[in-house]
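> This is the structure, below, for whatever I ask next.
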Amino acid sequence: MRNFEFYNPTKIVFGAETIAKLADLVPAGAKVLILYGGASAKTSGTLDEVKAALGTRVVMEFAGIEPNPSYETMMQAVELVRCEKLDFLLAVGGGSVIDGTKFVAAAVGFDGEPWEIMQKRGRNVKSALPFGTVLTLPATGSEMNSGGVIMRKSTHEKFSFMNRLVFPQFSILDPTKTYTLPKTQIANGIADAFVHTIEQYLTFPVQALPQDRFAEGLLQSLIEIAPQAMTMEPDYDNRANLMWVATLALNGLIGSGVPQDWATHMIGHEITALFGIDHARTLALVLPSLLNVQREQKRAKLLQYAERVWHITDGSEEQRIDMAILRTREFFESLGIKTRLSEYQLGEESIVAILAQLEAHGMTALGEHQDVTLERTRVILQQAL
């Protein structure tokens, strides 16, 4: 196991009817900006619950944060905070709303052009407004980590950033808030959490036994949770487990002391930026092909993954790896998620555009060995057609 430091200051408040605890979690004298996405926060009654819990505090709202939060939209929120001198942010939504809120928290007091935060991946952030979250969509783990992803529409750029200053102070996780989510969002959440876990687990062995077993448990939990979750008949225990697994998949714990990949994410970000495909669905497009192309580098872990997660023990090593990759693809497809570029009407010309974006953004040596070059990415994408 490699040396590591693990730090996570976010307080988790988990369970039904926990939004009322905002009354104690948000400072009494705070001037609060509630940030959210579409109309569902209002129609579900969640926004009313949040405002009731905030009581007599000064409260303003900022709506319209996109599924892939844009720099242009979030800068409007930055200006609102500056003009109204607001001092506490509250994200109500899923990972996109929380990511956008993190950017606002970092950008309000930033000395310079805020897009530089994204260009420097958050390394230049020196201060941030305090904020909390009310999670309504389990997927990204943003409610318990210090990272976010923002897209700039005008340039088709999508970058991630990280900084310890943008850990949420607290996150409220009420599984009942997932009951009204559409099927596509549940599917995306499961796929996103699955690939988050894979990116930290399926690399090469470093004798990190707790991290491996923890990651395998999360993957098996998602496989077990998925059928019931996709029936869309709300079940508290099922949604509670989904919500907590998605949080644990990217709160830093399973990634401590182990090599990490993230090539699937970097390639997927460019597909979203260019073609507008949901983030989780781009991951399902890339991952099976990436595992096949990188099978030699990942051989030991692929065999471990095959045995421990999918219970594949018969056949040669190559057959077991083939079957594990096939089962991974079938899992995504069982969620109603397409795993071929051609199913999105994307062909060879799209590969040229994706590679050009990766090169422009310096993404020419990806993966745990930094050996996913542009040429290797070309092969990955061709296998994904």
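Chain labels run A, B, ... following the order of the structure tokens; each chain numbers its residues from 1, and ligands are numbered from 1 in the order shown.
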So that I can see what lies close to Leu165 in chain A, please list as a list in words the residues with an atom at most 8 Å from it, counting only C-alpha atoms and leaving out residues fewer than 3 positions away in the same chain.

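Contacts, with the query itself left out: Ala106, Val125, Lys126, Ser127, Ala128 and Ser146 of chain A.
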
> Could you produce a table of the residues of range 135-218 of chain A lying within 10 Å of range 261-285 of chain A, with the nearest pair of atoms per residue and their separation in Å rounded to one decimal, using only C-alpha atoms, ordered by chain and increasing residue number, as JSON lines?


{"residue": "A:Ala139", "atom": "CA", "partner": "A:Ala280", "partner_atom": "CA", "distance": 8.8}
{"residue": "A:Thr140", "atom": "CA", "partner": "A:Ala280", "partner_atom": "CA", "distance": 9.3}
{"residue": "A:Val149", "atom": "CA", "partner": "A:His269", "partner_atom": "CA", "distance": 9.0}
{"residue": "A:Ile150", "atom": "CA", "partner": "A:His269", "partner_atom": "CA", "distance": 10.0}
{"residue": "A:Met151", "atom": "CA", "partner": "A:Ala273", "partner_atom": "CA", "distance": 7.0}
{"residue": "A:Arg152", "atom": "CA", "partner": "A:Ala273", "partner_atom": "CA", "distance": 8.4}
{"residue": "A:Lys153", "atom": "CA", "partner": "A:Ala273", "partner_atom": "CA", "distance": 7.8}
{"residue": "A:Thr155", "atom": "CA", "partner": "A:Ala273", "partner_atom": "CA", "distance": 8.9}
{"residue": "A:His156", "atom": "CA", "partner": "A:Ala273", "partner_atom": "CA", "distance": 5.1}
{"residue": "A:Glu157", "atom": "CA", "partner": "A:Ala273", "partner_atom": "CA", "distance": 6.0}
{"residue": "A:Lys158", "atom": "CA", "partner": "A:Ala273", "partner_atom": "CA", "distance": 6.0}
{"residue": "A:Phe159", "atom": "CA", "partner": "A:His269", "partner_atom": "CA", "distance": 7.7}
{"residue": "A:Ser160", "atom": "CA", "partner": "A:His269", "partner_atom": "CA", "distance": 9.1}
{"residue": "A:Thr184", "atom": "CA", "partner": "A:Asp278", "partner_atom": "CA", "distance": 9.9}
{"residue": "A:Gln185", "atom": "CA", "partner": "A:Ala280", "partner_atom": "CA", "distance": 9.4}
{"residue": "A:Ala187", "atom": "CA", "partner": "A:Ala280", "partner_atom": "CA", "distance": 8.6}
{"residue": "A:Asn188", "atom": "CA", "partner": "A:Ala280", "partner_atom": "CA", "distance": 5.2}
{"residue": "A:Gly189", "atom": "CA", "partner": "A:Ala280", "partner_atom": "CA", "distance": 7.3}
{"residue": "A:Ile190", "atom": "CA", "partner": "A:Ala280", "partner_atom": "CA", "distance": 8.6}
{"residue": "A:Ala191", "atom": "CA", "partner": "A:Ala280", "partner_atom": "CA", "distance": 5.9}
{"residue": "A:Asp192", "atom": "CA", "partner": "A:Ala280", "partner_atom": "CA", "distance": 4.9}
{"residue": "A:Ala193", "atom": "CA", "partner": "A:Ala280", "partner_atom": "CA", "distance": 8.8}
{"residue": "A:Phe194", "atom": "CA", "partner": "A:Ala280", "partner_atom": "CA", "distance": 9.5}
{"residue": "A:Val195", "atom": "CA", "partner": "A:Leu283", "partner_atom": "CA", "distance": 7.0}
{"residue": "A:His196", "atom": "CA", "partner": "A:Trp262", "partner_atom": "CA", "distance": 8.4}
{"residue": "A:Ile198", "atom": "CA", "partner": "A:Asp261", "partner_atom": "CA", "distance": 8.5}
{"residue": "A:Glu199", "atom": "CA", "partner": "A:Asp261", "partner_atom": "CA", "distance": 5.1}
{"residue": "A:Gln200", "atom": "CA", "partner": "A:Asp261", "partner_atom": "CA", "distance": 6.4}
{"residue": "A:Tyr201", "atom": "CA", "partner": "A:Asp261", "partner_atom": "CA", "distance": 8.4}
{"residue": "A:Leu202", "atom": "CA", "partner": "A:Asp261", "partner_atom": "CA", "distance": 7.8}
{"residue": "A:Thr203", "atom": "CA", "partner": "A:Asp261", "partner_atom": "CA", "distance": 6.5}
{"residue": "A:Phe204", "atom": "CA", "partner": "A:Asp261", "partner_atom": "CA", "distance": 9.8}

> Okay, now the selection with C-alpha atoms, as a PDB file, in the first residue's frame?


ATOM      1  CA  ALA A 139     -24.407   9.643  -8.344  1.00  0.00           C
ATOM      2  CA  THR A 140     -21.252  11.702  -8.186  1.00  0.00           C
ATOM      3  CA  VAL A 149     -16.503  19.594 -12.968  1.00  0.00           C
ATOM      4  CA  ILE A 150     -17.497  22.695 -14.949  1.00  0.00           C
ATOM      5  CA  MET A 151     -18.055  23.130 -18.683  1.00  0.00           C
ATOM      6  CA  ARG A 152     -17.491  26.285 -20.726  1.00  0.00           C
ATOM      7  CA  LYS A 153     -20.064  26.263 -23.506  1.00  0.00           C
ATOM      8  CA  THR A 155     -15.217  26.813 -26.055  1.00  0.00           C
ATOM      9  CA  HIS A 156     -16.573  23.256 -25.586  1.00  0.00           C
ATOM     10  CA  GLU A 157     -14.202  22.726 -22.667  1.00  0.00           C
ATOM     11  CA  LYS A 158     -14.990  20.588 -19.635  1.00  0.00           C
ATOM     12  CA  PHE A 159     -12.487  20.584 -16.778  1.00  0.00           C
ATOM     13  CA  SER A 160     -12.369  19.171 -13.278  1.00  0.00           C
ATOM     14  CA  THR A 184     -32.763   7.830 -16.648  1.00  0.00           C
ATOM     15  CA  GLN A 185     -31.332   9.696 -13.677  1.00  0.00           C
ATOM     16  CA  ALA A 187     -29.623   4.673 -14.186  1.00  0.00           C
ATOM     17  CA  ASN A 188     -27.042   7.427 -14.610  1.00  0.00           C
ATOM     18  CA  GLY A 189     -26.427   7.530 -10.879  1.00  0.00           C
ATOM     19  CA  ILE A 190     -25.795   3.802 -10.666  1.00  0.00           C
ATOM     20  CA  ALA A 191     -23.444   3.858 -13.659  1.00  0.00           C
ATOM     21  CA  ASP A 192     -21.577   6.909 -12.380  1.00  0.00           C
ATOM     22  CA  ALA A 193     -20.970   5.384  -8.946  1.00  0.00           C
ATOM     23  CA  PHE A 194     -19.925   2.086 -10.553  1.00  0.00           C
ATOM     24  CA  VAL A 195     -17.281   3.727 -12.745  1.00  0.00           C
ATOM     25  CA  HIS A 196     -16.049   5.961  -9.912  1.00  0.00           C
ATOM     26  CA  ILE A 198     -13.700   1.064 -10.973  1.00  0.00           C
ATOM     27  CA  GLU A 199     -11.373   4.015 -11.644  1.00  0.00           C
ATOM     28  CA  GLN A 200      -9.868   3.640  -8.170  1.00  0.00           C
ATOM     29  CA  TYR A 201      -9.920  -0.154  -7.999  1.00  0.00           C
ATOM     30  CA  LEU A 202      -9.202  -1.674 -11.399  1.00  0.00           C
ATOM     31  CA  THR A 203      -5.556  -0.690 -11.896  1.00  0.00           C
ATOM     32  CA  PHE A 204      -2.787  -2.923 -10.460  1.00  0.00           C
TER      33      PHE A 204
END

> Mind giving me the straight-line distance from CA of Pro288 in chain A to CA of Leu326 in chain A in Å, one decimal?

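Value for the CA of Pro288 in chain A-CA of Leu326 in chain A distance: 7.6 Å.
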
> Can you list, as a PyMOL selection string, all residues belonging to range 142-372 of chain A that DSSP tags as strand (DSSP E or B)?

chain A and resi 147-152+157-162+170-173+366+372

> What would the file look like if the residues just selected were written as a CSV table (one decimal), in the first residue's frame with all heavy atoms?


chain,number,residue,atom,x,y,z
A,147,GLY,N,-14.0,18.0,-5.0
A,147,GLY,CA,-13.8,18.2,-6.5
A,147,GLY,C,-15.1,18.6,-7.2
A,147,GLY,O,-16.2,18.4,-6.6
A,148,GLY,N,-15.0,19.1,-8.4
A,148,GLY,CA,-16.1,19.4,-9.2
A,148,GLY,C,-15.7,19.5,-10.7
A,148,GLY,O,-14.5,19.5,-11.0
A,149,VAL,N,-16.7,19.5,-11.5
A,149,VAL,CA,-16.5,19.6,-13.0
A,149,VAL,C,-17.4,20.7,-13.5
A,149,VAL,O,-18.6,20.8,-13.2
A,149,VAL,CB,-16.8,18.3,-13.7
A,149,VAL,CG1,-16.6,18.3,-15.2
A,149,VAL,CG2,-16.0,17.1,-13.1
A,150,ILE,N,-16.8,21.6,-14.3
A,150,ILE,CA,-17.5,22.7,-14.9
A,150,ILE,C,-17.2,22.7,-16.4
A,150,ILE,O,-16.1,22.4,-16.9
A,150,ILE,CB,-17.1,24.0,-14.3
A,150,ILE,CG1,-17.3,24.1,-12.8
A,150,ILE,CG2,-17.8,25.2,-15.0
A,150,ILE,CD1,-18.8,24.0,-12.4
A,151,MET,N,-18.2,23.1,-17.2
A,151,MET,CA,-18.1,23.1,-18.7
A,151,MET,C,-18.2,24.6,-19.2
A,151,MET,O,-19.0,25.3,-18.6
A,151,MET,CB,-19.1,22.3,-19.4
A,151,MET,CG,-18.9,22.2,-20.9
A,151,MET,SD,-19.9,20.9,-21.6
A,151,MET,CE,-21.5,21.6,-21.6
A,152,ARG,N,-17.4,25.0,-20.1
A,152,ARG,CA,-17.5,26.3,-20.7
A,152,ARG,C,-18.1,26.1,-22.1
A,152,ARG,O,-17.4,25.6,-23.0
A,152,ARG,CB,-16.1,27.0,-20.8
A,152,ARG,CG,-16.3,28.5,-21.2
A,152,ARG,CD,-15.0,29.2,-20.9
A,152,ARG,NE,-15.2,30.7,-21.0
A,152,ARG,CZ,-14.3,31.5,-20.7
A,152,ARG,NH1,-13.1,31.2,-20.3
A,152,ARG,NH2,-14.5,32.8,-20.7
A,157,GLU,N,-15.2,23.2,-23.6
A,157,GLU,CA,-14.2,22.7,-22.7
A,157,GLU,C,-14.9,22.3,-21.4
A,157,GLU,O,-15.8,22.9,-20.9
A,157,GLU,CB,-13.2,23.8,-22.3
A,157,GLU,CG,-12.3,24.2,-23.5
A,157,GLU,CD,-11.4,25.4,-23.1
A,157,GLU,OE1,-11.9,26.5,-22.8
A,157,GLU,OE2,-10.1,25.1,-23.0
A,158,LYS,N,-14.4,21.1,-20.9
A,158,LYS,CA,-15.0,20.6,-19.6
A,158,LYS,C,-13.8,20.1,-18.8
A,158,LYS,O,-13.1,19.2,-19.1
A,158,LYS,CB,-15.9,19.4,-19.9
A,158,LYS,CG,-16.7,18.9,-18.7
A,158,LYS,CD,-17.6,17.8,-19.0
A,158,LYS,CE,-18.4,17.3,-17.8
A,158,LYS,NZ,-19.3,16.2,-18.0
A,159,PHE,N,-13.6,20.8,-17.7
A,159,PHE,CA,-12.5,20.6,-16.8
A,159,PHE,C,-13.0,20.2,-15.4
A,159,PHE,O,-14.0,20.7,-14.9
A,159,PHE,CB,-11.6,21.8,-16.7
A,159,PHE,CG,-10.9,22.2,-17.9
A,159,PHE,CD1,-10.5,23.5,-18.2
A,159,PHE,CD2,-10.6,21.2,-18.9
A,159,PHE,CE1,-9.8,23.8,-19.3
A,159,PHE,CE2,-9.9,21.6,-20.1
A,159,PHE,CZ,-9.5,22.9,-20.3
A,160,SER,N,-12.1,19.5,-14.7
A,160,SER,CA,-12.4,19.2,-13.3
A,160,SER,C,-11.4,20.0,-12.4
A,160,SER,O,-10.4,20.5,-12.9
A,160,SER,CB,-12.1,17.7,-13.0
A,160,SER,OG,-10.8,17.3,-13.3
A,161,PHE,N,-11.8,20.3,-11.2
A,161,PHE,CA,-10.9,21.0,-10.2
A,161,PHE,C,-11.1,20.4,-8.8
A,161,PHE,O,-12.1,19.7,-8.5
A,161,PHE,CB,-11.2,22.5,-10.2
A,161,PHE,CG,-12.5,22.9,-9.5
A,161,PHE,CD1,-12.5,23.5,-8.3
A,161,PHE,CD2,-13.8,22.6,-10.1
A,161,PHE,CE1,-13.6,23.9,-7.6
A,161,PHE,CE2,-14.9,23.0,-9.4
A,161,PHE,CZ,-14.8,23.6,-8.2
A,162,MET,N,-10.1,20.5,-8.0
A,162,MET,CA,-10.1,20.1,-6.6
A,162,MET,C,-9.4,21.0,-5.7
A,162,MET,O,-8.4,21.7,-6.1
A,162,MET,CB,-9.4,18.7,-6.5
A,162,MET,CG,-10.1,17.6,-7.2
A,162,MET,SD,-9.4,15.9,-6.8
A,162,MET,CE,-9.9,15.8,-5.1
A,170,PHE,N,-21.4,20.4,5.4
A,170,PHE,CA,-22.3,19.3,5.7
A,170,PHE,C,-23.1,18.9,4.5
A,170,PHE,O,-23.2,19.7,3.5
A,170,PHE,CB,-23.3,19.7,6.8
A,170,PHE,CG,-24.2,20.9,6.4
A,170,PHE,CD1,-25.4,20.6,5.7
A,170,PHE,CD2,-23.9,22.2,6.8
A,170,PHE,CE1,-26.2,21.7,5.3
A,170,PHE,CE2,-24.8,23.2,6.4
A,170,PHE,CZ,-25.9,22.9,5.6
A,171,SER,N,-23.6,17.7,4.5
A,171,SER,CA,-24.5,17.2,3.4
A,171,SER,C,-25.7,16.4,4.1
A,171,SER,O,-25.4,15.5,4.9
A,171,SER,CB,-23.8,16.4,2.4
A,171,SER,OG,-22.9,17.2,1.6
A,172,ILE,N,-26.9,16.8,3.7
A,172,ILE,CA,-28.1,16.1,4.1
A,172,ILE,C,-28.4,15.1,3.0
A,172,ILE,O,-28.6,15.4,1.9
A,172,ILE,CB,-29.2,17.1,4.4
A,172,ILE,CG1,-28.9,17.9,5.6
A,172,ILE,CG2,-30.5,16.3,4.6
A,172,ILE,CD1,-29.9,19.0,5.9
A,173,LEU,N,-28.5,13.8,3.4
A,173,LEU,CA,-28.9,12.7,2.5
A,173,LEU,C,-30.2,12.1,3.0
A,173,LEU,O,-30.2,11.3,3.9
A,173,LEU,CB,-27.7,11.7,2.5
A,173,LEU,CG,-26.5,11.9,1.6
A,173,LEU,CD1,-25.8,13.2,2.0
A,173,LEU,CD2,-25.5,10.8,1.7
A,366,LEU,N,-2.7,9.4,-20.3
A,366,LEU,CA,-3.7,9.2,-19.2
A,366,LEU,C,-3.5,7.8,-18.6
A,366,LEU,O,-2.7,7.0,-19.1
A,366,LEU,CB,-5.1,9.3,-19.8
A,366,LEU,CG,-5.5,10.6,-20.5
A,366,LEU,CD1,-6.8,10.4,-21.2
A,366,LEU,CD2,-5.5,11.7,-19.6
A,372,VAL,N,-2.0,5.8,-21.7
A,372,VAL,CA,-3.1,5.9,-22.6
A,372,VAL,C,-2.8,7.2,-23.4
A,372,VAL,O,-3.3,8.3,-23.1
A,372,VAL,CB,-4.4,6.0,-21.8
A,372,VAL,CG1,-5.6,6.1,-22.8
A,372,VAL,CG2,-4.6,4.7,-21.0

> Would you list the contacts of Leu335 in chain A as an mmCIF file with C-alpha atoms, in the first residue's frame, taking every protein, DNA or RNA residue within 8 Å and counting only C-alpha atoms, but skipping same-chain residues closer than 3 positions in sequence?


data_model
loop_
_atom_site.group_PDB
_atom_site.id
_atom_site.type_symbol
_atom_site.label_atom_id
_atom_site.label_comp_id
_atom_site.auth_asym_id
_atom_site.auth_seq_id
_atom_site.Cartn_x
_atom_site.Cartn_y
_atom_site.Cartn_z
ATOM 1 C CA ALA A 187 -29.623 4.673 -14.186
ATOM 2 C CA ALA A 226 -29.835 -1.968 -9.609
ATOM 3 C CA MET A 230 -34.802 0.452 -11.960
ATOM 4 C CA PHE A 331 -24.626 -4.333 -16.614
ATOM 5 C CA PHE A 332 -24.713 -0.873 -18.207
#

> Which residues are near range 244-253 of chain A? Cut-off 6 Å, only C-alpha atoms, ignore same chain within fewer than 2 positions. Put them as an mmCIF file with N, CA, C and O atoms, in the first residue's frame.


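result06.cif written:
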data_model
loop_
_atom_site.group_PDB
_atom_site.id
_atom_site.type_symbol
_atom_site.label_atom_id
_atom_site.label_comp_id
_atom_site.auth_asym_id
_atom_site.auth_seq_id
_atom_site.Cartn_x
_atom_site.Cartn_y
_atom_site.Cartn_z
ATOM 1 N N PRO A 138 -28.400 10.623 -6.054
ATOM 2 C CA PRO A 138 -27.156 9.920 -5.738
ATOM 3 C C PRO A 138 -26.424 9.528 -7.007
ATOM 4 O O PRO A 138 -26.982 8.862 -7.878
ATOM 5 N N ALA A 139 -25.166 9.953 -7.128
ATOM 6 C CA ALA A 139 -24.407 9.643 -8.344
ATOM 7 C C ALA A 139 -22.932 9.965 -8.189
ATOM 8 O O ALA A 139 -22.082 9.090 -8.234
ATOM 9 N N GLY A 141 -20.996 11.637 -5.764
ATOM 10 C CA GLY A 141 -20.207 11.725 -4.539
ATOM 11 C C GLY A 141 -19.747 13.129 -4.221
ATOM 12 O O GLY A 141 -19.032 13.347 -3.241
ATOM 13 N N MET A 144 -19.576 14.758 -0.698
ATOM 14 C CA MET A 144 -18.612 14.428 0.348
ATOM 15 C C MET A 144 -17.189 14.393 -0.202
ATOM 16 O O MET A 144 -16.361 13.600 0.237
ATOM 17 N N ASN A 145 -16.918 15.279 -1.182
ATOM 18 C CA ASN A 145 -15.545 15.384 -1.658
ATOM 19 C C ASN A 145 -15.220 16.831 -2.015
ATOM 20 O O ASN A 145 -16.065 17.720 -1.889
ATOM 21 N N ALA A 193 -21.588 5.922 -10.161
ATOM 22 C CA ALA A 193 -20.970 5.384 -8.946
ATOM 23 C C ALA A 193 -20.150 4.130 -9.256
ATOM 24 O O ALA A 193 -19.072 3.915 -8.679
ATOM 25 N N THR A 197 -15.962 3.853 -8.752
ATOM 26 C CA THR A 197 -15.304 2.793 -7.987
ATOM 27 C C THR A 197 -14.263 2.068 -8.830
ATOM 28 O O THR A 197 -13.129 1.826 -8.384
ATOM 29 N N ASN A 241 -29.491 2.580 0.386
ATOM 30 C CA ASN A 241 -28.231 1.924 0.041
ATOM 31 C C ASN A 241 -27.599 2.544 -1.196
ATOM 32 O O ASN A 241 -26.386 2.751 -1.248
ATOM 33 N N LEU A 242 -28.409 2.847 -2.211
ATOM 34 C CA LEU A 242 -27.882 3.496 -3.410
ATOM 35 C C LEU A 242 -27.257 4.843 -3.070
ATOM 36 O O LEU A 242 -26.145 5.165 -3.518
ATOM 37 N N GLY A 255 -9.880 5.350 -2.539
ATOM 38 C CA GLY A 255 -8.767 5.773 -3.380
ATOM 39 C C GLY A 255 -7.497 6.083 -2.625
ATOM 40 O O GLY A 255 -6.458 6.379 -3.230
ATOM 41 N N SER A 256 -7.531 5.989 -1.295
ATOM 42 C CA SER A 256 -6.361 6.300 -0.484
ATOM 43 C C SER A 256 -5.340 5.159 -0.570
ATOM 44 O O SER A 256 -5.678 3.997 -0.365
#

> Find the spatial neighbours of Tyr179 in chain A, counting only C-alpha atoms, within a cut-off of 10 Å - ignore same-chain residues fewer than 5 positions away - and output them as a PyMOL selection string.

chain A and resi 44+136-137+186+229+232-236+239

> Quick one: everything within 8 Å of Gln169 in chain A, counting only C-alpha atoms, minus sequence neighbours fewer than 6 positions away in the same chain. Send it as JSON, numbers by chain.

{"A": [9, 10, 11, 130, 131, 132]}
